[in-house]
>>> print(open('coords_21.cif').read())   # mmCIF, C-alpha atoms
data_coords
loop_
_atom_site.label_atom_id
_atom_site.label_comp_id
_atom_site.auth_asym_id
_atom_site.auth_seq_id
_atom_site.Cartn_x
_atom_site.Cartn_y
_atom_site.Cartn_z
CA MET A 1 13.91 -30.73 3.89
CA SER A 2 10.91 -28.86 2.53
CA ASP A 3 11.34 -25.37 1.12
CA ILE A 4 7.79 -24.47 2.15
CA ALA A 5 7.51 -22.10 5.11
CA ILE A 6 3.70 -21.72 5.15
CA GLN A 7 1.12 -23.93 3.43
CA VAL A 8 -2.51 -22.75 3.43
CA ASP A 9 -5.02 -25.37 2.24
CA GLY A 10 -8.71 -24.60 1.77
CA ILE A 11 -8.99 -22.16 4.66
CA GLY A 12 -12.45 -20.86 5.51
CA LYS A 13 -13.70 -18.80 8.45
CA THR A 14 -17.33 -18.20 9.38
CA TYR A 15 -18.86 -16.17 12.19
CA HIS A 16 -22.32 -16.36 13.74
CA ILE A 17 -23.90 -12.91 13.82
CA TYR A 18 -26.56 -12.31 16.49
CA THR A 19 -28.90 -9.31 16.54
CA ASN A 20 -29.64 -9.85 20.23
CA PRO A 21 -27.17 -11.10 22.88
CA MET A 22 -29.84 -13.42 24.34
CA ASP A 23 -30.12 -15.19 21.01
CA ARG A 24 -26.67 -16.65 21.59
CA LEU A 25 -27.84 -18.34 24.78
CA LYS A 26 -31.06 -19.55 23.13
CA ASP A 27 -29.03 -21.02 20.26
CA ALA A 28 -26.87 -22.90 22.74
CA LEU A 29 -29.90 -24.37 24.54
CA ASN A 30 -32.16 -25.39 21.64
CA PHE A 31 -29.80 -28.15 20.43
CA GLY A 32 -29.90 -26.98 16.82
CA PHE A 33 -33.66 -27.18 16.31
CA LYS A 34 -33.90 -23.48 15.51
CA THR A 35 -31.11 -21.07 14.66
CA ARG A 36 -31.21 -17.43 15.65
CA HIS A 37 -28.08 -16.23 13.90
CA GLU A 38 -26.85 -15.26 10.46
CA ILE A 39 -23.73 -16.78 8.92
CA PHE A 40 -20.97 -14.41 7.84
CA GLU A 41 -18.17 -15.88 5.73
CA ALA A 42 -15.02 -13.89 6.42
CA LEU A 43 -12.88 -16.28 4.32
CA ARG A 44 -13.72 -19.05 1.89
CA ASP A 45 -11.49 -21.67 0.25
CA ILE A 46 -8.11 -19.85 0.57
CA SER A 47 -5.10 -21.83 -0.64
CA PHE A 48 -1.51 -20.73 -1.31
CA SER A 49 2.02 -21.37 -0.08
CA LEU A 50 5.08 -19.35 0.90
CA ASN A 51 8.62 -20.52 0.33
CA LYS A 52 11.36 -20.02 2.88
CA GLY A 53 13.11 -16.68 2.42
CA GLU A 54 10.20 -15.24 0.45
CA THR A 55 8.40 -11.96 1.10
CA VAL A 56 4.70 -11.97 0.24
CA GLY A 57 2.21 -9.12 0.58
CA ILE A 58 -1.52 -9.53 1.10
CA ILE A 59 -3.59 -6.76 -0.44
CA GLY A 60 -7.28 -6.00 -0.76
CA THR A 61 -9.88 -3.47 0.27
CA ASN A 62 -11.09 -3.11 3.86
CA GLY A 63 -13.22 -6.10 4.83
CA SER A 64 -11.61 -8.47 2.34
CA GLY A 65 -10.34 -10.82 5.08
CA LYS A 66 -6.65 -9.88 5.20
CA SER A 67 -6.32 -9.53 8.98
CA THR A 68 -8.45 -12.61 9.62
CA LEU A 69 -6.16 -14.67 7.39
CA LEU A 70 -3.04 -13.43 9.22
CA LYS A 71 -4.59 -14.30 12.59
CA ILE A 72 -5.32 -17.84 11.39
CA ILE A 73 -1.78 -18.30 10.09
CA ALA A 74 -0.36 -16.90 13.36
CA ASP A 75 -2.64 -19.31 15.29
CA VAL A 76 -4.38 -16.45 17.10
CA THR A 77 -7.75 -17.69 15.84
CA LYS A 78 -8.83 -21.02 14.40
CA ALA A 79 -10.10 -21.64 10.89
CA SER A 80 -13.61 -23.04 10.50
CA VAL A 81 -12.40 -25.34 7.72
CA GLY A 82 -9.07 -26.08 6.09
CA GLU A 83 -5.55 -26.42 7.38
CA VAL A 84 -2.43 -24.27 7.84
CA LYS A 85 1.01 -25.85 8.08
CA VAL A 86 3.84 -23.68 9.40
CA HIS A 87 7.51 -24.70 9.31
CA GLY A 88 9.47 -22.46 11.64
CA LYS A 89 9.06 -20.10 14.57
CA ILE A 90 6.58 -17.25 13.98
CA SER A 91 6.84 -13.68 15.21
CA ALA A 92 3.66 -11.69 14.56
CA ILE A 93 2.62 -8.04 14.82
CA LEU A 94 -1.13 -7.98 14.47
CA GLU A 95 -3.48 -5.40 16.00
CA LEU A 96 -1.64 -2.51 17.63
CA GLY A 97 -1.01 -3.31 21.31
CA THR A 98 -1.75 -7.03 21.03
CA GLY A 99 0.37 -8.93 23.55
CA PHE A 100 0.94 -5.90 25.80
CA ASN A 101 -0.33 -5.27 29.30
CA PRO A 102 -1.02 -1.52 29.60
CA GLU A 103 -0.26 -1.55 33.33
CA LEU A 104 3.27 -2.94 32.82
CA ASN A 105 6.19 -0.84 31.66
CA GLY A 106 7.94 -1.25 28.33
CA LEU A 107 10.70 -3.48 29.69
CA GLU A 108 8.24 -5.85 31.36
CA ASN A 109 6.15 -5.96 28.20
CA ILE A 110 9.18 -6.97 26.15
CA TYR A 111 9.38 -10.15 28.22
CA LEU A 112 5.59 -10.63 28.17
CA ASN A 113 5.34 -10.18 24.41
CA GLY A 114 8.36 -12.40 23.79
CA LEU A 115 6.88 -15.18 25.91
CA ILE A 116 3.58 -14.91 24.01
CA LEU A 117 5.53 -15.25 20.76
CA GLY A 118 7.00 -18.51 22.09
CA TYR A 119 10.47 -17.43 23.20
CA SER A 120 12.05 -18.28 26.55
CA LYS A 121 13.06 -15.67 29.11
CA GLU A 122 16.71 -16.50 28.44
CA GLU A 123 16.28 -15.96 24.68
CA ILE A 124 14.62 -12.60 25.28
CA SER A 125 17.35 -11.53 27.72
CA GLU A 126 19.98 -12.23 25.07
CA LYS A 127 18.19 -9.88 22.66
CA LEU A 128 17.07 -7.31 25.25
CA GLU A 129 19.75 -4.72 24.49
CA ASP A 130 19.09 -4.91 20.73
CA ILE A 131 15.32 -4.59 21.27
CA ILE A 132 15.62 -1.51 23.50
CA SER A 133 18.16 0.12 21.19
CA PHE A 134 16.05 -0.49 18.09
CA SER A 135 12.90 0.92 19.71
CA GLU A 136 14.62 4.23 20.56
CA LEU A 137 12.20 4.64 23.47
CA GLY A 138 14.90 5.83 25.86
CA GLU A 139 13.62 6.50 29.39
CA PHE A 140 10.07 5.59 28.30
CA ILE A 141 11.07 1.92 28.36
CA ASN A 142 10.58 2.07 32.16
CA ARG A 143 7.16 3.76 31.97
CA PRO A 144 3.75 2.02 31.70
CA VAL A 145 2.77 1.43 28.10
CA LYS A 146 -0.67 2.91 28.81
CA THR A 147 1.16 6.27 28.61
CA TYR A 148 2.54 5.43 25.11
CA SER A 149 1.35 6.97 21.89
CA SER A 150 0.34 4.71 18.98
CA GLY A 151 3.75 5.35 17.40
CA MET A 152 5.53 4.24 20.59
CA TYR A 153 3.36 1.12 20.72
CA ALA A 154 4.41 0.32 17.16
CA ARG A 155 8.09 0.89 17.97
CA LEU A 156 7.98 -1.51 20.89
CA ALA A 157 5.97 -4.19 19.08
CA PHE A 158 8.12 -4.08 15.96
CA SER A 159 11.36 -4.03 17.97
CA VAL A 160 10.41 -7.22 19.83
CA ALA A 161 9.07 -9.05 16.79
CA ILE A 162 11.97 -8.27 14.47
CA ASN A 163 14.88 -8.66 16.88
CA VAL A 164 14.12 -12.18 18.11
CA ASP A 165 15.35 -13.52 14.74
CA PRO A 166 12.11 -15.25 13.68
CA ASP A 167 11.90 -17.82 10.91
CA ILE A 168 8.59 -16.25 9.83
CA LEU A 169 7.57 -12.63 10.44
CA ILE A 170 3.90 -11.66 10.09
CA ILE A 171 2.97 -7.96 10.02
CA ASP A 172 -0.50 -6.44 9.83
CA GLU A 173 -0.19 -2.76 8.82
CA ALA A 174 2.19 -2.01 11.74
CA LEU A 175 4.56 -0.17 9.39
CA SER A 176 1.93 2.49 8.72
CA VAL A 177 2.32 3.78 12.28
CA GLY A 178 5.30 5.80 13.47
CA ASP A 179 7.49 8.52 12.05
CA ALA A 180 9.23 8.34 8.67
CA ALA A 181 12.71 7.78 10.14
CA PHE A 182 11.58 4.75 12.16
CA GLN A 183 9.64 3.35 9.19
CA LYS A 184 12.77 3.59 7.08
CA LYS A 185 14.76 1.72 9.73
CA CYS A 186 12.07 -0.97 9.84
CA PHE A 187 12.21 -1.44 6.07
CA THR A 188 16.00 -1.75 6.20
CA ARG A 189 15.73 -4.37 8.95
CA LEU A 190 13.09 -6.26 6.96
CA LYS A 191 15.42 -6.46 3.99
CA SER A 192 18.19 -7.73 6.26
CA LEU A 193 15.88 -10.44 7.62
CA THR A 194 14.81 -11.66 4.20
CA ASN A 195 18.42 -11.64 2.99
CA SER A 196 19.25 -13.97 5.91
CA GLY A 197 16.52 -16.40 4.82
CA ALA A 198 13.51 -15.36 6.93
CA THR A 199 10.00 -15.46 5.46
CA VAL A 200 7.89 -12.29 5.65
CA LEU A 201 4.11 -12.12 5.22
CA PHE A 202 2.51 -8.73 5.61
CA VAL A 203 -0.65 -6.77 4.95
CA SER A 204 -0.37 -3.27 3.55
CA HIS A 205 -2.51 -0.70 1.74
CA SER A 206 0.68 0.84 0.33
CA LEU A 207 1.07 -0.76 -3.09
CA ASP A 208 4.49 0.81 -3.55
CA SER A 209 5.70 -0.88 -0.37
CA VAL A 210 4.32 -4.19 -1.63
CA ILE A 211 5.95 -3.73 -5.04
CA GLN A 212 9.30 -2.78 -3.56
CA LEU A 213 9.52 -5.40 -0.80
CA CYS A 214 7.58 -8.42 -2.04
CA ASP A 215 8.50 -11.28 -4.34
CA ARG A 216 4.84 -12.17 -4.75
CA ALA A 217 1.44 -10.88 -3.67
CA VAL A 218 -1.94 -12.30 -2.69
CA LEU A 219 -5.15 -10.46 -3.61
CA LEU A 220 -8.29 -10.98 -1.52
CA ASP A 221 -11.75 -9.60 -2.19
CA LYS A 222 -14.76 -10.11 0.10
CA GLY A 223 -13.19 -13.19 1.66
CA SER A 224 -12.26 -14.89 -1.62
CA LEU A 225 -8.84 -15.48 -3.12
CA ILE A 226 -8.66 -13.57 -6.40
CA MET A 227 -5.06 -13.95 -7.44
CA VAL A 228 -1.62 -15.13 -6.32
CA GLY A 229 1.36 -14.21 -8.45
CA GLU A 230 4.03 -11.72 -9.41
CA THR A 231 3.70 -8.53 -7.39
CA LYS A 232 3.24 -6.14 -10.31
CA GLU A 233 0.57 -8.30 -11.93
CA VAL A 234 -1.38 -8.66 -8.69
CA THR A 235 -1.20 -4.94 -7.84
CA LYS A 236 -2.31 -4.14 -11.39
CA GLU A 237 -5.36 -6.36 -10.95
CA TYR A 238 -6.07 -4.71 -7.61
CA ASN A 239 -5.93 -1.25 -9.19
CA GLN A 240 -8.26 -2.33 -11.95
CA ARG A 241 -10.77 -3.61 -9.40
CA LEU A 242 -10.32 -0.63 -7.08
CA PHE A 243 -10.62 2.09 -9.70
CA GLY A 244 -12.85 0.13 -12.06
CA SER A 245 -15.98 0.41 -9.90
CA VAL A 246 -15.36 4.13 -9.35
CA ASN A 247 -14.76 4.58 -13.07
CA LYS A 248 -17.99 2.76 -13.88
CA GLN A 249 -20.02 5.07 -11.65
CA ASN A 250 -18.26 8.16 -12.96
CA MET A 251 -18.65 7.01 -16.56
CA GLN A 252 -22.40 6.76 -16.02
CA SER A 253 -22.35 10.22 -14.44
CA ALA A 254 -20.47 11.63 -17.42
CA LEU A 255 -23.00 10.19 -19.85
CA ALA A 256 -25.96 11.44 -17.83
CA THR A 257 -24.84 15.05 -17.40
CA GLN A 258 -23.83 17.87 -19.70
CA ALA A 259 -20.07 18.33 -20.14
CA PHE A 260 -18.46 21.72 -19.77
CA ASN A 261 -16.49 20.97 -22.93
CA ASP A 262 -18.75 19.63 -25.67
CA ILE A 263 -17.69 16.08 -26.42
CA LYS A 264 -18.03 14.95 -30.00
CA GLU A 265 -16.66 11.49 -30.44
CA ASP A 266 -17.69 8.45 -32.41
CA ASP A 267 -18.84 5.16 -30.95
CA ILE A 268 -15.41 3.60 -31.43
CA LEU A 269 -13.65 6.17 -29.26
CA SER A 270 -16.41 5.96 -26.67
CA SER A 271 -15.97 2.20 -26.41
CA LEU A 272 -12.17 2.61 -26.15
CA ILE A 273 -12.60 5.06 -23.28
CA VAL A 274 -14.77 2.52 -21.46
CA ALA A 275 -12.17 -0.20 -22.13
CA ALA A 276 -9.31 2.01 -20.89
CA SER A 277 -11.23 2.78 -17.69
CA LYS A 278 -11.17 -0.96 -16.96
CA SER A 279 -7.61 -1.80 -18.02
CA LEU A 280 -6.03 1.44 -16.67
CA ASP A 281 -3.25 1.15 -19.26
CA GLY A 282 -4.61 3.69 -21.75
CA GLY A 283 -6.12 0.93 -23.86
CA ASP A 284 -6.04 1.62 -27.59
CA ILE A 285 -6.53 5.36 -27.19
CA PHE A 286 -2.81 6.11 -27.13
CA LYS A 287 -0.17 4.89 -29.53
CA ASP A 288 2.58 5.76 -27.08
CA ILE A 289 2.96 6.99 -23.51
CA HIS A 290 6.56 7.72 -22.71
CA VAL A 291 7.84 9.07 -19.38
CA LYS A 292 11.28 10.47 -18.63
CA VAL A 293 12.62 11.71 -15.30
CA LEU A 294 15.43 14.22 -15.92
CA ASN A 295 17.79 16.39 -13.92
CA LYS A 296 18.35 20.14 -14.35
CA ASP A 297 20.50 19.44 -17.45
CA LYS A 298 17.60 17.46 -18.98
CA LYS A 299 19.56 14.22 -18.65
CA ALA A 300 18.48 10.90 -17.16
CA PHE A 301 19.80 10.23 -13.66
CA ASP A 302 19.55 7.80 -10.77
CA VAL A 303 20.80 9.87 -7.83
CA CYS A 304 20.51 13.57 -7.00
CA THR A 305 20.78 15.78 -3.93
CA SER A 306 18.07 17.83 -2.25
CA GLY A 307 17.45 21.27 -3.69
CA GLU A 308 17.94 20.30 -7.35
CA LEU A 309 15.55 21.15 -10.17
CA LEU A 310 14.02 17.99 -11.63
CA TYR A 311 11.71 17.29 -14.56
CA ALA A 312 9.10 14.63 -15.29
CA GLU A 313 8.30 14.64 -19.02
CA ILE A 314 5.28 12.77 -20.35
CA CYS A 315 5.09 12.36 -24.11
CA LEU A 316 1.66 11.35 -25.40
CA LEU A 317 0.77 10.20 -28.90
CA SER A 318 -2.96 9.75 -29.35
CA CYS A 319 -4.72 7.61 -31.93
CA TYR A 320 -7.74 9.96 -31.86
CA ASP A 321 -8.71 13.55 -31.29
CA ILE A 322 -9.68 13.42 -27.64
CA SER A 323 -10.64 16.16 -25.19
CA ASN A 324 -11.35 16.58 -21.49
CA LEU A 325 -8.11 15.08 -20.20
CA SER A 326 -6.03 15.85 -17.13
CA ILE A 327 -2.41 14.69 -16.81
CA ALA A 328 -1.02 14.21 -13.31
CA VAL A 329 2.41 13.54 -11.82
CA GLU A 330 2.88 12.42 -8.23
CA ILE A 331 6.06 11.83 -6.25
CA VAL A 332 5.74 9.12 -3.59
CA ASP A 333 8.29 7.62 -1.23
CA LYS A 334 9.05 3.92 -1.00
CA ARG A 335 6.33 3.46 1.62
CA GLY A 336 3.73 4.81 -0.80
CA MET A 337 3.30 8.12 1.02
CA LEU A 338 2.52 11.05 -1.27
CA VAL A 339 5.23 13.71 -1.08
CA THR A 340 4.07 16.12 -3.74
CA GLY A 341 2.20 16.21 -7.02
CA GLU A 342 0.34 18.27 -9.57
CA SER A 343 -2.07 17.91 -12.46
CA THR A 344 -2.77 19.98 -15.54
CA PHE A 345 -6.37 20.50 -14.40
CA ASN A 346 -5.30 21.80 -10.99
CA LYS A 347 -2.63 24.02 -12.51
CA PHE A 348 -4.51 25.51 -15.45
CA ASP A 349 -8.11 25.06 -14.22
CA LYS A 350 -9.04 23.59 -17.58
CA VAL A 351 -8.92 20.28 -19.41
CA ILE A 352 -6.43 19.19 -22.08
CA SER A 353 -7.20 18.19 -25.66
CA LEU A 354 -4.97 15.97 -27.79
CA GLU A 355 -4.83 15.85 -31.57
CA LYS A 356 -4.66 12.62 -33.49
CA ASP A 357 -1.10 11.50 -34.42
CA LYS A 358 0.51 14.53 -32.79
CA ASN A 359 3.16 14.17 -30.09
CA THR A 360 2.35 16.34 -27.08
CA VAL A 361 4.90 16.74 -24.29
CA PHE A 362 3.95 17.71 -20.74
CA SER A 363 6.98 18.86 -18.79
CA PHE A 364 6.45 18.98 -15.02
CA SER A 365 9.29 20.70 -13.14
CA PHE A 366 9.78 20.68 -9.38
CA MET A 367 12.47 21.18 -6.76
CA SER A 368 13.70 18.10 -4.90
CA GLU A 369 13.21 19.79 -1.56
CA PHE A 370 12.49 16.80 0.63
CA ILE A 371 14.52 14.39 2.77
CA GLU A 372 16.94 11.81 1.42
CA ASP A 373 15.15 8.61 0.40
CA ASP A 374 14.11 6.56 -2.64
CA TYR A 375 11.22 8.06 -4.61
CA PHE A 376 8.87 6.89 -7.34
CA VAL A 377 7.24 8.99 -10.06
CA GLN A 378 3.59 8.10 -10.69
CA VAL A 379 1.70 9.22 -13.80
CA ARG A 380 -2.07 9.33 -14.20
CA ILE A 381 -4.32 10.31 -17.10
CA ASN A 382 -7.92 11.16 -16.19
CA ARG A 383 -11.04 12.06 -18.15
CA ILE A 384 -13.02 14.92 -16.62
CA THR A 385 -16.28 16.26 -18.02
CA GLN A 386 -17.55 18.25 -15.05
CA LYS A 387 -15.98 21.21 -13.32
CA ASP A 388 -16.53 19.70 -9.88
CA ARG A 389 -14.71 16.53 -11.06
CA ASN A 390 -17.41 14.27 -9.69
CA ASP A 391 -17.18 12.16 -12.84
CA ASN A 392 -13.40 11.79 -12.81
CA VAL A 393 -12.55 8.64 -14.84
CA LEU A 394 -9.06 7.13 -14.62
CA LEU A 395 -7.78 5.96 -18.02
CA TYR A 396 -4.14 5.30 -17.25
CA ILE A 397 -1.95 4.80 -14.21
CA ASN A 398 1.74 3.93 -13.94
CA GLU A 399 2.87 3.74 -10.33
CA GLN A 400 6.53 3.26 -11.28
CA ALA A 401 6.96 5.47 -14.32
CA GLY A 402 10.29 6.58 -12.87
CA LYS A 403 12.49 6.22 -9.83
CA PHE A 404 15.28 8.26 -8.28
CA THR A 405 17.28 8.42 -5.07
CA LEU A 406 17.78 11.61 -3.12
CA SER A 407 21.14 11.60 -1.33
CA LYS A 408 22.28 13.74 1.57
CA ASN A 409 23.07 17.38 0.92
CA MET A 410 24.68 18.65 4.12
CA ILE A 411 24.67 22.26 2.87
CA ASN A 412 21.01 22.32 1.90
CA ARG A 413 19.67 19.39 3.92
CA GLN A 414 15.90 18.93 4.15
CA TRP A 415 14.14 17.58 7.22
CA PHE A 416 10.48 17.68 6.20
CA LYS A 417 8.34 16.43 3.33
CA VAL A 418 6.47 19.49 2.12
CA LYS A 419 4.24 19.93 -0.95
CA LYS A 420 6.05 22.17 -3.42
CA ASN A 421 4.69 24.11 -6.39
CA PHE A 422 5.05 22.53 -9.82
CA ASN A 423 5.51 24.28 -13.14
CA ILE A 424 4.04 22.66 -16.25
CA GLU A 425 4.83 23.35 -19.90
CA VAL A 426 2.88 21.83 -22.79
CA THR A 427 4.58 21.63 -26.20
#
>>> encode(input="coords_21.cif", output="structure tokens")
Amino acid sequence: MSDIAIQVDGIGKTYHIYTNPMDRLKDALNFGFKTRHEIFEALRDISFSLNKGETVGIIGTNGSGKSTLLKIIADVTKASVGEVKVHGKISAILELGTGFNPELNGLENIYLNGLILGYSKEEISEKLEDIISFSELGEFINRPVKTYSSGMYARLAFSVAINVDPDILIIDEALSVGDAAFQKKCFTRLKSLTNSGATVLFVSHSLDSVIQLCDRAVLLDKGSLIMVGETKEVTKEYNQRLFGSVNKQNMQSALATQAFNDIKEDDILSSLIVAASKSLDGGDIFKDIHVKVLNKDKKAFDVCTSGELLYAEICLLSCYDISNLSIAVEIVDKRGMLVTGESTFNKFDKVISLEKDKNTVFSFSFMSEFIEDDYFVQVRINRITQKDRNDNVLLYINEQAGKFTLSKNMINRQWFKVKKNFNIEVT
């Protein structure tokens, strides 16, 4: 038996774009002698495979073809060229509300959506109690879904798709809708599915979610396949492409305008700054970038409770005298949502200078006053030469510089994620 769950071979999708609705009719009647449309290639020559039990994320900017690819795999739309082979029963959550009749109530839509997904009425009835319980819709399950909020739509769609025990689950950004508690439950259920051998393919703009959940990732750009591989390598390439174009524009802006701190650097350092803005790993500017996440006793830890004082220490050793820097620390949850953060530029309203071969430590302290969850510490180093920060150039980013778990503190329990003030010391 094959271990392949999904095989995508040379997929392409083109659309005919008409400027005038009548041109469509004229095209149909002229038997190809004259075309009145433009060709738009949404996808071109996409090939990759997913193994059974694997979780794969599809990432890319808006308009890169992610949703179109999922629709082709889910057999919602047909490819113009190429072939998709699927081994197993698919459950898909695509556009919000797809497969629902707004005039029917939630209970009736469970059966409708299940039938669309290819399940019998008997199979849905067996899972009905689990679906309703998971959705947490309560009395709203008997109300028309046209009265539902977007979050309630997402609850119902996800509850149906994930509780029918699919072989393959396809999700298009559905996890970005809904409250934090429901999202957390969805992530837990996803892990349970993959542990039982199901295959998960999903689109997300949250790179942290992709890194945490996925075994591999697929990167698309303007309809083309850029990279398939290990999640961290693919997300790194995505960051370089995403921030690289912004860095290029801002670098040109920095060179064309007068800095508020006079910059005196040789050609070597200038070229290294350009290189770092493309690699986003600090390039050869820094000998060492070391990050430690510490508790109130300045010791490493994995788990803490809410209300504790925590530290994020960034030790920088520069190969050159370099000015106009800003160091930033951000705390994000496992879904990639920003909880809190601070930068030296925001805090001090001035840029930082580093001396060659001198260790400089930036100690960010903050209170862990947010709800229990897993959190990641992100570190960024930016170059800023204008007070309005219009030429902000990213030189370094580490989206998983540290990680910690916040456990329940029943005495000082937190219910909201609120931005808290940071303190920063530079030594």
>>> residues_around(input="coords_21.cif", residues="Asp297 of chain A", least_positions_apart="2", cutoff="9 Å", atoms="all atoms listed in the file", output="PyMOL selection string")
chain A and resi 294-295+299-300+309-310
>>> closest_residue(input="coords_21.cif", among="A:Asp374, A:Glu123, A:Glu54, A:Glu425", to="Phe187 of chain A", atoms="all atoms listed in the file")
A:Asp374
>>> atom_distance(input="coords_21.cif", atom1="atom CA of Gly283 of chain A", atom2="atom CA of Thr344 of chain A")
21.1 Å
>>> residues_around(input="coords_21.cif", residues="Lys146 of chain A", least_positions_apart="3", cutoff="10 Å", atoms="only C-alpha atoms", output="PyMOL selection string")
chain A and resi 97+100-106+143+149+153
>>> write_last_selection(input="coords_21.cif", atoms="C-alpha atoms", output="compact mmCIF listing (two decimals), in the coordinates of the input")
# COMPACT_ATOMS: atom_id res chain seq x y z
CA GLY A 97 -1.01 -3.31 21.31
CA PHE A 100 0.94 -5.90 25.80
CA ASN A 101 -0.33 -5.27 29.30
CA PRO A 102 -1.02 -1.52 29.60
CA GLU A 103 -0.26 -1.55 33.33
CA LEU A 104 3.27 -2.94 32.82
CA ASN A 105 6.19 -0.84 31.66
CA GLY A 106 7.94 -1.25 28.33
CA ARG A 143 7.16 3.76 31.97
CA SER A 149 1.35 6.97 21.89
CA TYR A 153 3.36 1.12 20.72
>>> residues_around(input="coords_21.cif", residues="Glu313 of chain A", least_positions_apart="2", cutoff="8 Å", atoms="all atoms listed in the file", output="PDB file with C-alpha atoms, in the frame of the given file")
ATOM      1  CA  VAL A 291       7.840   9.070 -19.380  1.00  0.00           C
ATOM      2  CA  LYS A 292      11.280  10.470 -18.630  1.00  0.00           C
ATOM      3  CA  VAL A 293      12.620  11.710 -15.300  1.00  0.00           C
ATOM      4  CA  LEU A 294      15.430  14.220 -15.920  1.00  0.00           C
ATOM      5  CA  TYR A 311      11.710  17.290 -14.560  1.00  0.00           C
ATOM      6  CA  CYS A 315       5.090  12.360 -24.110  1.00  0.00           C
ATOM      7  CA  VAL A 361       4.900  16.740 -24.290  1.00  0.00           C
ATOM      8  CA  PHE A 362       3.950  17.710 -20.740  1.00  0.00           C
ATOM      9  CA  SER A 363       6.980  18.860 -18.790  1.00  0.00           C
ATOM     10  CA  PHE A 364       6.450  18.980 -15.020  1.00  0.00           C
TER      11      PHE A 364
END
>>> decode(input="coords_21.cif", residues="segment 338-349 of chain A", atoms="N, CA, C and O atoms", output="CSV table (one decimal), in the first residue's frame")
chain,number,residue,atom,x,y,z
A,338,LEU,N,0.6,38.4,18.2
A,338,LEU,CA,1.5,39.2,19.1
A,338,LEU,C,0.8,39.5,20.4
A,338,LEU,O,-0.4,40.0,20.5
A,339,VAL,N,1.4,39.2,21.5
A,339,VAL,CA,0.9,39.4,22.9
A,339,VAL,C,1.4,40.7,23.4
A,339,VAL,O,0.7,41.5,23.9
A,340,THR,N,2.7,40.9,23.3
A,340,THR,CA,3.4,42.1,23.8
A,340,THR,C,4.7,42.2,23.2
A,340,THR,O,5.3,41.3,22.6
A,341,GLY,N,5.4,43.4,23.3
A,341,GLY,CA,6.7,43.6,22.7
A,341,GLY,C,7.2,45.0,23.0
A,341,GLY,O,6.4,45.9,23.4
A,342,GLU,N,8.5,45.2,22.7
A,342,GLU,CA,9.1,46.5,22.9
A,342,GLU,C,10.4,46.5,22.1
A,342,GLU,O,11.0,45.5,21.8
A,343,SER,N,10.8,47.7,21.8
A,343,SER,CA,12.1,47.9,21.1
A,343,SER,C,12.8,49.0,21.8
A,343,SER,O,12.2,49.9,22.5
A,344,THR,N,14.1,49.0,21.6
A,344,THR,CA,15.0,50.1,22.2
A,344,THR,C,14.6,51.5,21.6
A,344,THR,O,14.6,52.5,22.3
A,345,PHE,N,14.2,51.5,20.3
A,345,PHE,CA,13.9,52.8,19.7
A,345,PHE,C,12.6,53.3,20.3
A,345,PHE,O,12.5,54.5,20.6
A,346,ASN,N,11.6,52.5,20.5
A,346,ASN,CA,10.3,52.9,21.1
A,346,ASN,C,10.5,53.3,22.5
A,346,ASN,O,9.9,54.3,23.0
A,347,LYS,N,11.4,52.6,23.2
A,347,LYS,CA,11.5,52.9,24.7
A,347,LYS,C,12.3,54.2,24.9
A,347,LYS,O,12.0,55.0,25.8
A,348,PHE,N,13.5,54.3,24.2
A,348,PHE,CA,14.4,55.4,24.5
A,348,PHE,C,14.3,56.6,23.5
A,348,PHE,O,14.9,57.6,23.7
A,349,ASP,N,13.5,56.4,22.4
A,349,ASP,CA,13.3,57.4,21.4
A,349,ASP,C,14.7,57.8,20.8
A,349,ASP,O,14.9,58.9,20.4
